[in-house]
$ cat protein_2.pdb   # PDB, C-alpha atoms, pLDDT in the B column
ATOM      1  CA  SER K  21     -53.691-109.873  26.033  1.00 81.00           C
ATOM      2  CA  SER K  22     -54.273-113.055  23.983  1.00 86.00           C
ATOM      3  CA  ALA K  23     -57.080-115.421  23.035  1.00 85.00           C
ATOM      4  CA  TYR K  24     -57.774-118.739  24.712  1.00 82.00           C
ATOM      5  CA  LYS K  25     -59.586-121.722  23.331  1.00 82.00           C
ATOM      6  CA  VAL K  26     -61.480-123.640  26.010  1.00 78.00           C
ATOM      7  CA  THR K  27     -62.508-127.210  25.211  1.00 80.00           C
ATOM      8  CA  TYR K  28     -64.514-129.338  27.599  1.00 77.00           C
ATOM      9  CA  GLU K  29     -66.607-132.473  27.629  1.00 79.00           C
ATOM     10  CA  THR K  30     -69.915-132.907  29.421  1.00 79.00           C
ATOM     11  CA  ARG K  31     -71.153-136.226  30.745  1.00 79.00           C
ATOM     12  CA  ALA K  32     -74.537-136.998  32.207  1.00 80.00           C
ATOM     13  CA  LYS K  33     -74.429-137.377  35.994  1.00 82.00           C
ATOM     14  CA  ASP K  34     -77.054-140.132  35.973  1.00 86.00           C
ATOM     15  CA  ARG K  35     -78.298-142.591  33.385  1.00 90.00           C
ATOM     16  CA  VAL K  36     -80.330-140.924  30.620  1.00 91.00           C
ATOM     17  CA  TYR K  37     -83.778-142.503  30.177  1.00 91.00           C
ATOM     18  CA  THR K  38     -85.351-140.005  27.758  1.00 92.00           C
ATOM     19  CA  ASN K  39     -84.173-137.698  25.009  1.00 90.00           C
ATOM     20  CA  GLU K  40     -83.091-134.378  26.485  1.00 89.00           C
ATOM     21  CA  LYS K  41     -81.353-131.149  25.567  1.00 91.00           C
ATOM     22  CA  ILE K  42     -78.333-130.047  27.593  1.00 89.00           C
ATOM     23  CA  THR K  43     -76.864-126.557  27.663  1.00 90.00           C
ATOM     24  CA  ASN K  44     -73.461-125.406  28.907  1.00 88.00           C
ATOM     25  CA  ASP K  45     -72.864-121.768  29.821  1.00 90.00           C
ATOM     26  CA  VAL K  46     -69.481-120.091  30.214  1.00 87.00           C
ATOM     27  CA  THR K  47     -68.705-116.604  31.515  1.00 91.00           C
ATOM     28  CA  ALA K  48     -65.381-114.781  31.578  1.00 86.00           C
ATOM     29  CA  GLY K  49     -65.564-111.252  32.921  1.00 90.00           C
ATOM     30  CA  THR K  50     -68.367-109.539  31.019  1.00 94.00           C
ATOM     31  CA  GLU K  51     -68.396-112.031  28.137  1.00 89.00           C
ATOM     32  CA  SER K  52     -70.597-115.099  28.124  1.00 92.00           C
ATOM     33  CA  SER K  53     -71.543-117.826  25.686  1.00 90.00           C
ATOM     34  CA  SER K  54     -73.560-121.024  25.649  1.00 92.00           C
ATOM     35  CA  ALA K  55     -73.845-124.167  23.573  1.00 89.00           C
ATOM     36  CA  SER K  56     -76.554-126.829  23.456  1.00 91.00           C
ATOM     37  CA  ARG K  57     -76.958-130.299  22.080  1.00 89.00           C
ATOM     38  CA  ASN K  58     -79.487-133.080  22.215  1.00 91.00           C
ATOM     39  CA  ILE K  59     -78.705-136.306  24.044  1.00 90.00           C
ATOM     40  CA  GLY K  60     -80.617-139.571  24.016  1.00 89.00           C
ATOM     41  CA  GLN K  61     -80.869-142.696  26.063  1.00 91.00           C
ATOM     42  CA  GLN K  62     -78.327-145.406  25.307  1.00 91.00           C
ATOM     43  CA  ILE K  63     -80.009-148.225  27.211  1.00 93.00           C
ATOM     44  CA  LEU K  64     -81.813-149.947  24.350  1.00 92.00           C
ATOM     45  CA  SER K  65     -82.405-149.192  20.699  1.00 92.00           C
ATOM     46  CA  LYS K  66     -83.971-151.155  17.873  1.00 92.00           C
ATOM     47  CA  SER K  67     -83.228-150.291  14.264  1.00 93.00           C
ATOM     48  CA  PHE K  68     -83.134-151.880  10.847  1.00 92.00           C
ATOM     49  CA  ASN K  69     -80.661-152.004   7.979  1.00 93.00           C
ATOM     50  CA  ASN K  70     -79.842-153.984   4.842  1.00 93.00           C
ATOM     51  CA  VAL K  71     -83.125-152.982   3.212  1.00 94.00           C
ATOM     52  CA  ASP K  72     -83.744-155.077   0.102  1.00 94.00           C
ATOM     53  CA  TYR K  73     -86.710-153.480  -1.639  1.00 95.00           C
ATOM     54  CA  GLN K  74     -86.726-155.985  -4.481  1.00 96.00           C
ATOM     55  CA  ASN K  75     -87.176-158.999  -2.160  1.00 92.00           C
ATOM     56  CA  GLN K  76     -89.023-156.967   0.493  1.00 91.00           C
ATOM     57  CA  GLU K  77     -86.575-157.935   3.253  1.00 92.00           C
ATOM     58  CA  LEU K  78     -84.598-156.125   5.925  1.00 91.00           C
ATOM     59  CA  SER K  79     -82.512-156.944   8.995  1.00 92.00           C
ATOM     60  CA  TRP K  80     -83.356-155.823  12.542  1.00 90.00           C
ATOM     61  CA  ASN K  81     -80.709-154.819  15.095  1.00 93.00           C
ATOM     62  CA  ILE K  82     -81.198-154.560  18.848  1.00 93.00           C
ATOM     63  CA  THR K  83     -78.452-152.726  20.750  1.00 95.00           C
ATOM     64  CA  VAL K  84     -78.391-152.947  24.543  1.00 95.00           C
ATOM     65  CA  ASN K  85     -76.318-150.960  27.064  1.00 95.00           C
ATOM     66  CA  SER K  86     -74.432-148.553  24.787  1.00 92.00           C
ATOM     67  CA  ASP K  87     -73.734-146.420  27.844  1.00 90.00           C
ATOM     68  CA  ASN K  88     -71.834-149.321  29.458  1.00 91.00           C
ATOM     69  CA  GLN K  89     -73.667-149.289  32.789  1.00 91.00           C
ATOM     70  CA  ILE K  90     -73.992-152.270  35.108  1.00 92.00           C
ATOM     71  CA  MET K  91     -77.183-154.158  34.318  1.00 93.00           C
ATOM     72  CA  LYS K  92     -78.480-156.986  36.489  1.00 95.00           C
ATOM     73  CA  ASN K  93     -81.235-159.524  35.857  1.00 96.00           C
ATOM     74  CA  LEU K  94     -81.898-158.179  32.375  1.00 94.00           C
ATOM     75  CA  VAL K  95     -84.698-159.854  30.426  1.00 95.00           C
ATOM     76  CA  LEU K  96     -85.147-158.779  26.811  1.00 93.00           C
ATOM     77  CA  SER K  97     -88.281-159.835  24.955  1.00 90.00           C
ATOM     78  CA  ASP K  98     -88.867-158.786  21.365  1.00 87.00           C
ATOM     79  CA  ASP K  99     -92.419-159.715  20.449  1.00 84.00           C
ATOM     80  CA  PHE K 100     -93.130-160.300  16.776  1.00 82.00           C
ATOM     81  CA  THR K 101     -96.725-159.194  16.263  1.00 82.00           C
ATOM     82  CA  ASN K 102     -96.757-159.908  12.510  1.00 79.00           C
ATOM     83  CA  GLU K 103     -98.734-156.861  11.280  1.00 81.00           C
ATOM     84  CA  GLY K 104     -98.366-158.068   7.702  1.00 82.00           C
ATOM     85  CA  LEU K 105     -94.737-159.119   8.117  1.00 83.00           C
ATOM     86  CA  THR K 106     -93.164-162.562   7.862  1.00 85.00           C
ATOM     87  CA  LEU K 107     -90.317-163.664  10.132  1.00 84.00           C
ATOM     88  CA  ILE K 108     -87.413-165.328   8.284  1.00 84.00           C
ATOM     89  CA  ASP K 109     -85.351-167.519  10.610  1.00 79.00           C
TER
END
$ encode --input "protein_2.pdb" --output "structure tokens"
Amino acid sequence: SSAYKVTYETRAKDRVYTNEKITNDVTAGTESSSASRNIGQQILSKSFNNVDYQNQELSWNITVNSDNQIMKNLVLSDDFTNEGLTLID
């Protein structure tokens, strides 16, 4: 005789290694609905910011373990292959 608002949170069962789309379905009696969203891996990401077009400089950021999982014996190598760029210490 009245409406209900159902709110829930979905978490990946295992560690996510690739970008994926997840879908949740709900059914109540004869009514059903679904919702989807894209999820991505949170193990390692490399991005840039602070772009200075005038001086042709930017800053790189490497983020590791955003999903807060136990990591053992991690070795991270970021090879600078130049490709027309100059590394500023």
$ atom_distance --input "protein_2.pdb" --atom1 "CA of Thr50 (chain K)" --atom2 "CA of Lys25 (chain K)"
16.9 Å
$ residues_around --input "protein_2.pdb" --residues "region 29-34 of chain K" --least-positions-apart "3" --cutoff "10 Å" --atoms "all atoms listed in the file" --output "ChimeraX atom specification"
/K:37,42-44,59
$ atom_distance --input "protein_2.pdb" --atom1 "CA of Asn58 (chain K)" --atom2 "CA of Asn39 (chain K)"
7.1 Å
$ residues_near_point --input "protein_2.pdb" --point "(-83.8, -152.8, 19.1)" --cutoff "8 Å" --atoms "all atoms listed in the file" --output "list of chain:residue names"
K:Leu64, K:Ser65, K:Lys66, K:Ser67, K:Trp80, K:Asn81, K:Ile82, K:Thr83, K:Val84
$ atom_distance --input "protein_2.pdb" --atom1 "CA of Thr27 (chain K)" --atom2 "CA of Ser52 (chain K)"
14.9 Å
$ closest_residue --input "protein_2.pdb" --among "K:Val46, K:Leu105, K:Lys41, K:Arg35" --to "Gln76 (chain K)" --atoms "all atoms listed in the file"
K:Leu105
$ resolve_selection --input "protein_2.pdb" --expression "the PyMOL selection byres ((chain K and resi 89) around 12)" --output "list in words"
Asp34, Arg35, Val36, Gln61, Gln62, Ile63, Leu64, Val84, Asn85, Ser86, Asp87, Asn88, Ile90, Met91 and Lys92 of chain K
$ build_atoms --input "protein_2.pdb" --residues "region 55-67 of chain K" --atoms "N, CA, C and O atoms" --output "mmCIF file, keeping the file's coordinate frame"
data_model
loop_
_atom_site.group_PDB
_atom_site.id
_atom_site.type_symbol
_atom_site.label_atom_id
_atom_site.label_comp_id
_atom_site.auth_asym_id
_atom_site.auth_seq_id
_atom_site.Cartn_x
_atom_site.Cartn_y
_atom_site.Cartn_z
ATOM 1 N N ALA K 55 -73.713 -123.191 24.653
ATOM 2 C CA ALA K 55 -73.845 -124.167 23.573
ATOM 3 C C ALA K 55 -74.782 -125.260 24.047
ATOM 4 O O ALA K 55 -74.782 -125.628 25.217
ATOM 5 N N SER K 56 -75.594 -125.784 23.122
ATOM 6 C CA SER K 56 -76.554 -126.829 23.456
ATOM 7 C C SER K 56 -76.429 -127.988 22.496
ATOM 8 O O SER K 56 -75.961 -127.834 21.364
ATOM 9 N N ARG K 57 -76.878 -129.133 22.956
ATOM 10 C CA ARG K 57 -76.958 -130.299 22.080
ATOM 11 C C ARG K 57 -77.989 -131.253 22.650
ATOM 12 O O ARG K 57 -78.287 -131.241 23.841
ATOM 13 N N ASN K 58 -78.516 -132.074 21.797
ATOM 14 C CA ASN K 58 -79.487 -133.080 22.215
ATOM 15 C C ASN K 58 -78.756 -134.363 22.593
ATOM 16 O O ASN K 58 -77.761 -134.728 21.963
ATOM 17 N N ILE K 59 -79.250 -135.016 23.634
ATOM 18 C CA ILE K 59 -78.705 -136.306 24.044
ATOM 19 C C ILE K 59 -79.867 -137.287 24.124
ATOM 20 O O ILE K 59 -81.018 -136.901 24.311
ATOM 21 N N GLY K 60 -79.574 -138.551 23.966
ATOM 22 C CA GLY K 60 -80.617 -139.571 24.016
ATOM 23 C C GLY K 60 -80.190 -140.740 24.872
ATOM 24 O O GLY K 60 -79.005 -140.915 25.175
ATOM 25 N N GLN K 61 -81.155 -141.523 25.246
ATOM 26 C CA GLN K 61 -80.869 -142.696 26.063
ATOM 27 C C GLN K 61 -80.058 -143.697 25.253
ATOM 28 O O GLN K 61 -80.212 -143.802 24.044
ATOM 29 N N GLN K 62 -79.198 -144.414 25.931
ATOM 30 C CA GLN K 62 -78.327 -145.406 25.307
ATOM 31 C C GLN K 62 -78.566 -146.788 25.906
ATOM 32 O O GLN K 62 -77.718 -147.668 25.818
ATOM 33 N N ILE K 63 -79.716 -146.972 26.530
ATOM 34 C CA ILE K 63 -80.009 -148.225 27.211
ATOM 35 C C ILE K 63 -80.415 -149.300 26.222
ATOM 36 O O ILE K 63 -79.899 -150.410 26.237
ATOM 37 N N LEU K 64 -81.343 -148.972 25.326
ATOM 38 C CA LEU K 64 -81.813 -149.947 24.350
ATOM 39 C C LEU K 64 -82.275 -149.216 23.102
ATOM 40 O O LEU K 64 -82.931 -148.186 23.176
ATOM 41 N N SER K 65 -81.896 -149.738 21.958
ATOM 42 C CA SER K 65 -82.405 -149.192 20.699
ATOM 43 C C SER K 65 -82.637 -150.336 19.724
ATOM 44 O O SER K 65 -81.948 -151.355 19.754
ATOM 45 N N LYS K 66 -83.648 -150.165 18.899
ATOM 46 C CA LYS K 66 -83.971 -151.155 17.873
ATOM 47 C C LYS K 66 -84.011 -150.411 16.548
ATOM 48 O O LYS K 66 -84.652 -149.372 16.423
ATOM 49 N N SER K 67 -83.296 -150.935 15.576
ATOM 50 C CA SER K 67 -83.228 -150.291 14.264
ATOM 51 C C SER K 67 -83.181 -151.366 13.193
ATOM 52 O O SER K 67 -83.091 -152.551 13.480
#
